[in-house]
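To keep things clear, I will list the structure first and then write my remarks on it.
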Number of protein chains: 2
Amino acid sequence: MQIDPDRMLADLDHLRTIGGQGTGVARRAFSDADVAARAWLAGRMRAAGLEVTVDACGNLFGLPPGDAPCLLVGSHSDTQPLGGWLDGAWGVACGLELARAAIAAGGPRIAVVSFQDEEGRWGRLTGSTVWTGLAPLSAMDPNPDGDGTEDITFAQARARVADIAPLGVVPPSRFIGFIEPHIEQGPVLDTAGEAVGVVEAIVGSRQWTMRLEGEANHAGTTPMALRRDALQGYIALAGAVNDAFADMVGPRTVWTLGRVVVEPNAPSIVPGAVGFTVQMRDPDAALLDALAARVLALAEGIAAARGLTLEATESMAVAPTALDPRLRAALAEAAEATAPGRWRTMPSGALHDASNVAHVLPSAMIFAPSIGGISHNPAEDTRREDLALALRTLGAAVTRISNAI
Amino acid sequence: MQIDPDRMLADLDHLRTIGGQGTGVARRAFSDADVAARAWLAGRMRAAGLEVTVDACGNLFGLPPGDAPCLLVGSHSDTQPLGGWLDGAWGVACGLELARAAIAAGGPRIAVVSFQDEEGRWGRLTGSTVWTGLAPLSAMDPNPDGDGTEDITFAQARARVADIAPLGVVPPSRFIGFIEPHIEQGPVLDTAGEAVGVVEAIVGSRQWTMRLEGEANHAGTTPMALRRDALQGYIALAGAVNDAFADMVGPRTVWTLGRVVVEPNAPSIVPGAVGFTVQMRDPDAALLDALAARVLALAEGIAAARGLTLEATESMAVAPTALDPRLRAALAEAAEATAPGRWRTMPSGALHDASNVAHVLPSAMIFAPSIGGISHNPAEDTRREDLALALRTLGAAVTRISNAI
């Protein structure tokens, strides 16, 4: 099986022209550019000898002829409102090249997919959520355009699949597993000068949305001892969380105080209330439970000690996704063979279609480095030699996996 | 000299009907209600035998007949857009009653004043600033209506003085000193169950407006070690300021972190920038200098250690105002005589007209308690017996001061 990185890069170069805006790409799910890109991909799949089907959700599949099980490789070709050229698209281009090279070589059996609306215009990971049965299509159909650019529902938008390819159903049972190549979207590989990441798990997330309420007072006439300062309560909590987490977290844990809204937020008024979020991510579900519980206990203690009232809502709880050990092992062996000493195992800190597909198929992911860790941005980029090297790693892994079946 | 607290309270009860809204008062400088209140006060002054003059700025004076020096007592009768019934008005009512009782008794020589626009519709302490020569009238004249309710300048608004009383000039040299009675506008006296505060100084203020800038990143894909989180820098600075100040501040110091604006302020994005204020108030100018310098040094150190950039602007610097030792001593003796064990010396945490007048005349202030510390609010209130008791304290002090001249 002769994979051709230049052919993959040429596909990717063409894809970025569809919806291209400067160095970025605007290819929102079911926009004209997205439909045109899927139609173009369908043509490339057919030219490679693949059988093309689009499902009712807009997920686009290119399948090798015949009914025998195959390995699915791909990602998504929709983008953020103005995203980068690689996010999702590189994974689809890799799947296309692997499937094409495999047909030319007479095996292994490889299929390619571009899932629809990974970026959440009409839902969240919409296409793979429906495909894996995690939610029925009828649950997505009433969703409005979250961007607010078109006054139509998902049901109306997905009528546009007719412009892409013949409509059909492609059940997960046709596949033996799923590999999603994706850019890292973070700085770890780039900072370390490494070329390949083998993803061990997609991290889970927990998030508290909290509000501390005290009493707003004149900042000149209210002595310190008579204040119930909500912002000082927040500052104490943030410090206590940092201190407590230092002894609790694992090497993969991240936590983020991302949002703070102070009331009334004036220089000469003691803050009366503060709303804020505390978000934690880790591959270990038990650790996430412990971290979330500790934050709540610290907040309750600080509120009580300072005469503040606390409201706490768990505003996000996503379980970690374990990836398949056999597929991971094959990717790790292939990485050591193709990029010796320049790869690592790592978690995915972002959600991906593989989070859904792992519920129904053995699944794995491979990362290429993101220059400066930048993504969801027109400046998103990866060196072309790194994109090519990761494709070679995938080719080596796919051969190993097929041999093992 | 027979002062009559009921007469003072009756004046105050009438005054609150002019611009009254529920329990509050809307009597903005040079509004119809403010002009009507000043005209009514002018009539009460004349009825008491005082000679009435309004100056070009709208400051209203009631003077005892004759050219001999006199003691000036008063405050202001304009309010916040919707303020309380006592802020300023009580001090004017006290001055009126003292001047009235003094004329009836044949001495001492007491004058009453209601300064204009203390609450800053057209400037800040506008009337007393011009009267004391701290700024010329020509500097105020171009000021627009800061409330945005009338499209006119201060020069146009102050033409309304013609409706109040005969226009004239009343130079500070006519007076031997100034006493400003005012409600505390804070919780200290009310919390302690005390009736009278003798103000030792009006605190000074220093304020930094700062901005820490790091780098916004995806909260899932950016490891803790690779973040330059501006909000974590702010949290560290706030904690360091609290720790450092614990060993530096005096018993009167207050400091306030009142305003925080995070960018982009989203739960899943590592904060890229934080703008905020750090405000300090104290009667001691040297201590304020030290506190302000320490905040800047801590911010510079934290910015450098965390790879953040710091912008720092001193956005407020008001020097403390020392009040006159002789007038303060007379008020303290009178407080001990009229409210034994139920008074204290204390700083004023808010600015007042006395801050300006102290530049040109020996000046002092006396506080009545504010229930719950509430002011600049329709709920502002003081027990009537406390308003009466503080007037008796003033009466006793005025007799002492006059005897000492």
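Ordering of the structure tokens sets the chain letters (A, B, ...); residue numbers start at 1 within each chain; ligands are numbered from 1 in the order shown.
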Proximity of chain B to chain A: per-residue shortest pair, 6 Å limit, only C-alpha atoms, as JSON lines:
{"residue": "B:Gly186", "atom": "CA", "partner": "A:Thr221", "partner_atom": "CA", "distance": 4.6}
{"residue": "B:Gly220", "atom": "CA", "partner": "A:Gly349", "partner_atom": "CA", "distance": 4.2}
{"residue": "B:Thr221", "atom": "CA", "partner": "A:Gly349", "partner_atom": "CA", "distance": 4.4}
{"residue": "B:Thr222", "atom": "CA", "partner": "A:Gly186", "partner_atom": "CA", "distance": 5.5}
{"residue": "B:Met224", "atom": "CA", "partner": "A:Val254", "partner_atom": "CA", "distance": 5.9}
{"residue": "B:Ile235", "atom": "CA", "partner": "A:Ile235", "partner_atom": "CA", "distance": 5.9}
{"residue": "B:Val254", "atom": "CA", "partner": "A:Met224", "partner_atom": "CA", "distance": 5.9}
{"residue": "B:Gly258", "atom": "CA", "partner": "A:Pro267", "partner_atom": "CA", "distance": 4.3}
{"residue": "B:Arg259", "atom": "CA", "partner": "A:Asn265", "partner_atom": "CA", "distance": 4.4}
{"residue": "B:Asn265", "atom": "CA", "partner": "A:Arg259", "partner_atom": "CA", "distance": 4.4}
{"residue": "B:Ala266", "atom": "CA", "partner": "A:Arg259", "partner_atom": "CA", "distance": 5.1}
{"residue": "B:Pro267", "atom": "CA", "partner": "A:Gly258", "partner_atom": "CA", "distance": 4.3}
{"residue": "B:Ile269", "atom": "CA", "partner": "A:Gly258", "partner_atom": "CA", "distance": 5.8}
{"residue": "B:Val270", "atom": "CA", "partner": "A:Gly258", "partner_atom": "CA", "distance": 5.7}
{"residue": "B:Pro271", "atom": "CA", "partner": "A:Gly258", "partner_atom": "CA", "distance": 5.8}
{"residue": "B:Thr277", "atom": "CA", "partner": "A:Pro267", "partner_atom": "CA", "distance": 5.9}
{"residue": "B:Gly349", "atom": "CA", "partner": "A:Gly220", "partner_atom": "CA", "distance": 4.2}
{"residue": "B:Ala350", "atom": "CA", "partner": "A:Gly220", "partner_atom": "CA", "distance": 5.4}
message: Please identify the helix (DSSP H, G or I) residues within stretch 165-269 of chain A (assignment by DSSP from backbone atoms) and present them as a PyMOL selection string.
response: chain A and resi 172-174+188-192+224-226+230-246
Problem set entry | Shell around B:Ala157 at 9 Å using only C-alpha atoms, local window under 2 positions removed, as a PyMOL selection string | chain B and resi 29-31+145+152-155+159-161
Of B:Ala332, B:Asp147, B:Ile371, B:Met210, the one nearest to B:Glu314 when counting only C-alpha atoms is B:Met210
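Non-sequential neighbours of B:Val199 (distance at most 6 Å, separation of 6 or more positions within a chain, only C-alpha atoms) are B:Thr345, B:Met346, B:Pro347, B:Met365, B:Ile366.
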- request: Write down as number ranges by chain the residues belonging to stretch 70-222 of chain B that are assigned strand (DSSP E or B) by DSSP computed on the backbone.
  value: B: 70-76, 83, 110-115, 144, 153, 167, 175-183, 196-202, 204-213, 217-218
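Distances here use only C-alpha atoms; by that measure, the residue among B:Ala93, B:Ala230, B:Leu72, B:Leu288 closest to B:Gly250 is B:Leu288.
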inquiry  = Show me, as a ChimeraX atom specification, the residues that have an atom within 12 Å of B:Asn143 when counting only C-alpha atoms, minus same-chain residues fewer than 4 positions from it.
reply    = /B:120-124,126,137-139,147-148,150-158
- Message: At a cut-off of 6 Å, using only C-alpha atoms, what residues contact B:Arg211? Leave out same-chain residues fewer than 5 positions from it and give the result as a PyMOL selection string.
- Response: chain B and resi 274-275+310-311
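Nearest to B:Asp289 of all the residues B:Pro166, B:Gly95, B:Gly43, B:Pro320 is B:Pro320, based on only C-alpha atoms.
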(message) Need to verify the contact set: B:Gly168, 7 Å, only C-alpha atoms, exclusion of same-chain residues closer than 4 positions in sequence. Can you return it as a ChimeraX atom specification?
(response) /B:53-55
